[in-house]
Structures are given as structure tokens and as C-alpha cells.
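> Please see the structure below; I have some questions.
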Amino acid sequence: MMTPETWSTGIWPYLALILFGFLPSEIWRFLSIFIAHGVDEKSEVLEWVRAVATALLAGVVANILLTPAGALASVPLMARCAALALGLTVFALTRRSVVAGVATGEAAIILAAWWFAP
Amino acid sequence: MQPPPERPGEPTTAKLDDTAVQPHFHWALKGFLVAARLPIFVMAFTFLGVGSLAREAGVPLGVALLSTLTIWAGPAQVIYFGALINGVALPAIALSISLSSVRLLPMCVSLLPMLRRAGTSRIAVVYLAHNVAVTAWAESIRAIRDIPHNRRIAWFIGLTHSLVIAACISTYVGYALAGALPHAFAAGLLFITPIYFIAALARNAREPIDWIAMSSGLVLAPLLKGVVGAGLDLLVIGLAGGTLAWGWQKRLRARAAGETAR
């Protein structure tokens, strides 16, 4: 019944996206409005919430490095970590230039992908 | 001469200096210029990947574009189309998307109080929250403090709407190019998310709490892999890492206060 095949024609793929993609994701943005309501900009709780968001995002990064999807999986784990470390090193050496860090990390991963799985 | 308040009856909480009375459009343009520095290109590359994945999943182009406009969270879209390709049942897809988007909650809660003002309508707040995604959050959570209070929404909308437009164009291009991308380039597209996220977090880090939260997230993720049930690990990482960083910072501050008192 609830397989992707029955949802793949006409209006159904759009409805499926809204019901099973958009709403389950948007619920968190919607809930946040009620939680943030009445929280002052200078509240100390915000510092904790920001720390939780930062740790969560760092966790997302680690998860992508550990279990990547598609073409990135063809690059060995060590090379993925090395490319990230290289990018961060250049970032630190260039007085926190995100552009330089991202460009270096990207160059490293593309070279690695070309080397390991041409 | 005091400049007149924007709307009558609105509390003038913000400092009304010279910059604060420049038109909203001026600040929206400044938001766009922040996006044009790098984030717009990060979006463009990320959503090339999303578009080509959507094509592989066999959905119409409209669904690919609608996913960018509605879900507006790259990793969740990758999960959605990836799961469709693997034939995962739709309710199971919904669950994993919801678990991956938990991060939007602390992101919105930390940003919204700095954006909205006393006069901001509920609908406007809903729309602002919808625009929050990792890139928009990482670019504004620090920078927004330097924007005059009554121009923050204009600045934020200028920033996020440039990102949304770039993402939509790129979703379309990715959908059209699917399969034609060289392998090494495809790997590069998928790597842009982790390298940009971590560099943006590091750029925003000023105090010990930021560094501790960041490194505990990186360390806890491999440790909790397989220990905590699928998807829930991120929730645990966020709460444990964030609380640890917050408590540590409190201890450091208390110690510093104790030393100066002595």
C-alpha cells in the first residue's frame, strides 16, 4: 500500500513530498516558535541552546564523514578526514578565511576521489 | 532631532543611529552581499547534488524544486530522495527526515529572539522560521548582533532569499545534468556540506563554549555510532555536547570571577 510505486504518478509525488518530507521536517521549525516565544534575546538559556545547536551540527559533519552517501563513499575514511583536517588547517593559517578552508578541502577531496576511484 | 519611529506605537528598543534609518532595501542588499561572499556558492554546489539525486529517484522536476522550497534543508532532501531510490516505505522516510531535522529546533530557538521584535506578526515569525537552515543560521547567528534591531529582518530575508534562489536554480541544473557529472566532481559536491559547516562553525567560535560544543559533537558522533538507535544519536550528541560545553563555560567563568575577587 504505502510503497513509493503507488505514489509515483500524477499529483501523488507532490503530495508524498509534502506529507512525508516537508511536514516531518517543518514541525521542528513550527515548534521552535512556541519555545522561543517569550525568550529574551539576552537570556542565558539561549547560550545553552546555541551550544546544543553547535554540537548537533558538528555531529552532522562527523556522521557525513563516517557514513557518506554516493560518490563520497569511494574515498577512504582516512582521506576524507585528512581533507577536512587540511581544510581546517588552511582556515586557521589564513586568519579564519572560510573561503580558503573550503577551497583547500574541496581540492583535496577531488584529488583523492580521482586518485582512489578514477 | 530624533528620527521618527518606523511605525507609530512601536517600542523603540533599538538604538536609532544613522545606519538604523537607512531603508530596508539597503539592509536586504547587505544580506545579499553576505550571501555572495561564499554561502551562495556553497548552496549552488550542494543543490546540484540534490537535483541530480532527485532525477535518479525518478520524481518529476517539480517535486525536486518543491522539495527545495518546502523542506529547505539539504541533508533532509538527500535522505528523502536517497530513501526513495532504495524503496524505503514512506512512513519510515518521514521518521528519518524528522529525526535529521531536529537540529532546526535549537537553531530556530537561538535565532528567532534576535530577529523578531515586539510588533512582528505571528505569520511573519512562521515565515522567518521557515527560512532558517544551517547555512542561514551559521551566517547570521554571530553577524546579526551588529545589525540594527529594526533592520535585522530585512537583512535576514536578503540573505536567505538569495540562498533560496541560488538553491532552486542549482536544483534545476543538477536535475538536468544528472549522470553527466564526473565521479571526482560528484564526490566534491557531497563534501562541500561537511567542510563548509565545520569551517563556518569554527569562524563563529569565539568563546570556550563554542569550541567545546564543536569538538564534543565531532568526538561523540563516532563514539555513539551503533550505541544509540539509528537517528536518535544526533539528539543525544546535541544535548550531551551542548550541556557539557555550557557547564564547562560556567565553571571557567566562576573560576575567573573567583580569581579576580581574591
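Identifiers in the C-alpha cells: chain A, B, ... in order shown; residue index from 1 per chain; ligand index from 1 in order shown.
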Tell me the residues of chain B close to chain A, meaning within 6 Å using only C-alpha atoms, as a ChimeraX atom specification.
/B:63,70-71,89,94,98,101,105-110,113-114,129,184,186-188,194-196,199,203,213-214,217-218,221,238-239,241-242,246
> Using only N, CA and C atoms, please write the residues we just selected to a file, as a compact mmCIF listing (two decimals), in the first residue's frame.

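File produced: result_38.txt:
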```txt
# COMPACT_ATOMS: atom_id res chain seq x y z
N VAL B 63 8.79 18.23 -8.32
CA VAL B 63 8.96 17.71 -6.97
C VAL B 63 10.34 18.09 -6.43
N THR B 70 10.15 23.83 0.03
CA THR B 70 9.41 23.47 1.24
C THR B 70 10.31 22.88 2.32
N ILE B 71 11.03 21.79 2.02
CA ILE B 71 11.87 21.18 3.07
C ILE B 71 12.98 22.16 3.45
N ALA B 89 9.80 2.49 2.67
CA ALA B 89 8.39 2.86 2.81
C ALA B 89 8.28 4.31 3.27
N ALA B 94 9.54 9.44 6.47
CA ALA B 94 9.09 10.58 7.27
C ALA B 94 9.79 10.58 8.62
N SER B 98 12.37 13.46 10.00
CA SER B 98 12.05 14.19 11.21
C SER B 98 13.22 14.15 12.19
N SER B 101 15.99 16.43 11.10
CA SER B 101 15.68 17.86 11.15
C SER B 101 15.51 18.39 12.57
N LEU B 105 15.33 22.84 15.43
CA LEU B 105 14.70 23.38 16.65
C LEU B 105 15.66 24.27 17.45
N PRO B 106 16.83 23.76 17.90
CA PRO B 106 17.72 24.68 18.62
C PRO B 106 18.22 25.83 17.75
N MET B 107 18.33 25.59 16.43
CA MET B 107 18.78 26.67 15.56
C MET B 107 17.77 27.81 15.53
N CYS B 108 16.48 27.46 15.35
CA CYS B 108 15.43 28.49 15.33
C CYS B 108 15.29 29.16 16.69
N VAL B 109 15.31 28.36 17.76
CA VAL B 109 15.11 28.93 19.10
C VAL B 109 16.21 29.93 19.44
N SER B 110 17.44 29.66 18.97
CA SER B 110 18.52 30.59 19.30
C SER B 110 18.52 31.83 18.40
N PRO B 113 14.66 34.90 18.74
CA PRO B 113 14.58 36.04 19.66
C PRO B 113 15.42 37.23 19.22
N MET B 114 16.44 37.00 18.39
CA MET B 114 17.25 38.13 17.93
C MET B 114 16.65 38.78 16.69
N ALA B 129 11.01 31.58 10.53
CA ALA B 129 11.47 30.27 11.00
C ALA B 129 11.66 29.33 9.81
N ALA B 184 34.75 12.25 -9.65
CA ALA B 184 35.51 13.01 -8.64
C ALA B 184 34.78 14.31 -8.29
N ALA B 186 31.50 14.73 -8.43
CA ALA B 186 30.35 14.35 -7.61
C ALA B 186 30.75 14.16 -6.15
N ALA B 187 31.94 13.57 -5.93
CA ALA B 187 32.44 13.40 -4.56
C ALA B 187 32.67 14.78 -3.93
N GLY B 188 33.21 15.70 -4.73
CA GLY B 188 33.45 17.06 -4.26
C GLY B 188 32.16 17.76 -3.86
N PRO B 194 30.04 19.02 4.69
CA PRO B 194 30.85 18.93 5.92
C PRO B 194 31.95 19.99 6.02
N ILE B 195 32.66 20.26 4.93
CA ILE B 195 33.79 21.21 5.05
C ILE B 195 33.28 22.63 5.31
N TYR B 196 32.17 23.00 4.66
CA TYR B 196 31.64 24.35 4.90
C TYR B 196 31.04 24.47 6.31
N ALA B 199 33.89 24.71 8.89
CA ALA B 199 34.64 25.98 8.80
C ALA B 199 33.78 27.14 9.30
N ARG B 203 34.59 29.56 12.40
CA ARG B 203 34.65 31.01 12.25
C ARG B 203 33.79 31.70 13.31
N ALA B 213 31.64 22.77 22.44
CA ALA B 213 30.45 22.20 21.79
C ALA B 213 30.81 21.57 20.46
N MET B 214 31.66 22.27 19.69
CA MET B 214 32.06 21.79 18.38
C MET B 214 32.84 20.48 18.48
N GLY B 217 30.82 17.47 19.68
CA GLY B 217 29.99 16.91 18.62
C GLY B 217 30.78 15.99 17.71
N LEU B 218 32.00 16.43 17.36
CA LEU B 218 32.86 15.63 16.47
C LEU B 218 33.30 14.33 17.14
N ALA B 221 30.06 11.74 18.01
CA ALA B 221 29.41 11.07 16.88
C ALA B 221 29.97 9.67 16.61
N GLY B 238 23.69 16.37 20.51
CA GLY B 238 23.37 17.78 20.72
C GLY B 238 23.18 18.10 22.19
N LEU B 239 22.33 17.31 22.87
CA LEU B 239 22.02 17.60 24.27
C LEU B 239 23.24 17.40 25.15
N GLY B 241 26.59 17.14 24.26
CA GLY B 241 27.69 18.03 23.89
C GLY B 241 27.40 19.47 24.27
N GLY B 242 26.18 19.93 24.00
CA GLY B 242 25.81 21.31 24.30
C GLY B 242 25.82 21.58 25.79
N TRP B 246 28.27 24.09 27.89
CA TRP B 246 27.65 25.15 28.67
C TRP B 246 28.11 25.10 30.13
```
> Which residues, written as a list in words, have at least one atom at most 10 Å from Ile153 (chain B), with only C-alpha atoms counted and residues fewer than 5 positions away on the same chain left out?
His24, Trp27, Ala28, Gly31, Met114, Leu115, Arg116, Arg117, Thr120, Ala124, Val125, Leu128, Ile144, Ile147, Pro148, Gly158 and Leu159 of chain B
> How would the residues just picked look written out with N, CA and C atoms as a CSV table (one decimal), in the first residue's frame?

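Once written, part_22.csv looks like this:
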```
chain,number,residue,atom,x,y,z
B,24,HIS,N,15.0,49.7,4.3
B,24,HIS,CA,15.0,48.2,4.5
B,24,HIS,C,15.8,47.6,3.3
B,27,TRP,N,19.5,47.3,3.7
B,27,TRP,CA,19.9,46.2,4.6
B,27,TRP,C,19.7,44.8,3.9
B,28,ALA,N,18.6,44.7,3.1
B,28,ALA,CA,18.4,43.4,2.4
B,28,ALA,C,19.6,43.2,1.4
B,31,GLY,N,22.5,41.9,3.2
B,31,GLY,CA,22.3,40.5,3.5
B,31,GLY,C,22.7,39.7,2.3
B,114,MET,N,16.4,37.0,18.4
B,114,MET,CA,17.3,38.1,17.9
B,114,MET,C,16.7,38.8,16.7
B,115,LEU,N,15.8,38.0,16.0
B,115,LEU,CA,15.2,38.5,14.8
B,115,LEU,C,13.9,39.3,15.0
B,116,ARG,N,13.0,38.7,15.7
B,116,ARG,CA,11.6,39.3,15.8
B,116,ARG,C,11.6,40.5,16.8
B,117,ARG,N,10.7,41.3,16.6
B,117,ARG,CA,10.5,42.5,17.5
B,117,ARG,C,9.1,42.4,18.1
B,120,THR,N,6.3,42.2,15.5
B,120,THR,CA,6.4,41.2,14.4
B,120,THR,C,5.2,40.3,14.5
B,124,ALA,N,4.6,36.3,10.2
B,124,ALA,CA,5.9,36.7,9.8
B,124,ALA,C,7.0,35.9,10.5
B,125,VAL,N,6.7,35.6,11.8
B,125,VAL,CA,7.6,34.7,12.6
B,125,VAL,C,7.7,33.3,12.0
B,128,LEU,N,9.8,33.5,8.9
B,128,LEU,CA,11.2,33.7,9.3
B,128,LEU,C,11.8,32.3,9.7
B,144,ILE,N,24.3,38.9,13.1
B,144,ILE,CA,23.1,39.6,13.3
B,144,ILE,C,23.2,40.6,14.5
B,147,ILE,N,23.7,44.1,13.4
B,147,ILE,CA,22.7,44.8,12.6
B,147,ILE,C,21.8,45.5,13.5
B,148,PRO,N,21.4,46.8,13.1
B,148,PRO,CA,20.4,47.5,13.9
B,148,PRO,C,19.1,46.7,14.1
B,158,GLY,N,17.1,39.3,3.0
B,158,GLY,CA,18.0,39.5,1.9
B,158,GLY,C,19.0,38.3,1.8
B,159,LEU,N,19.5,37.9,2.9
B,159,LEU,CA,20.5,36.8,3.0
B,159,LEU,C,19.8,35.5,2.5
```
> In Å, rounded to a single decimal, give me how far CA of Ile209 (chain B) is from CA of Lys225 (chain B).
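That distance, rounded to one decimal, is 23.9 Å.
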> Here is a test: counting only C-alpha atoms, which residue of B:His183, B:His149, B:Arg253, B:Arg206 is nearest to Ala118 (chain B)?
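Closest to Ala118 (chain B) of all the choices is B:His149.
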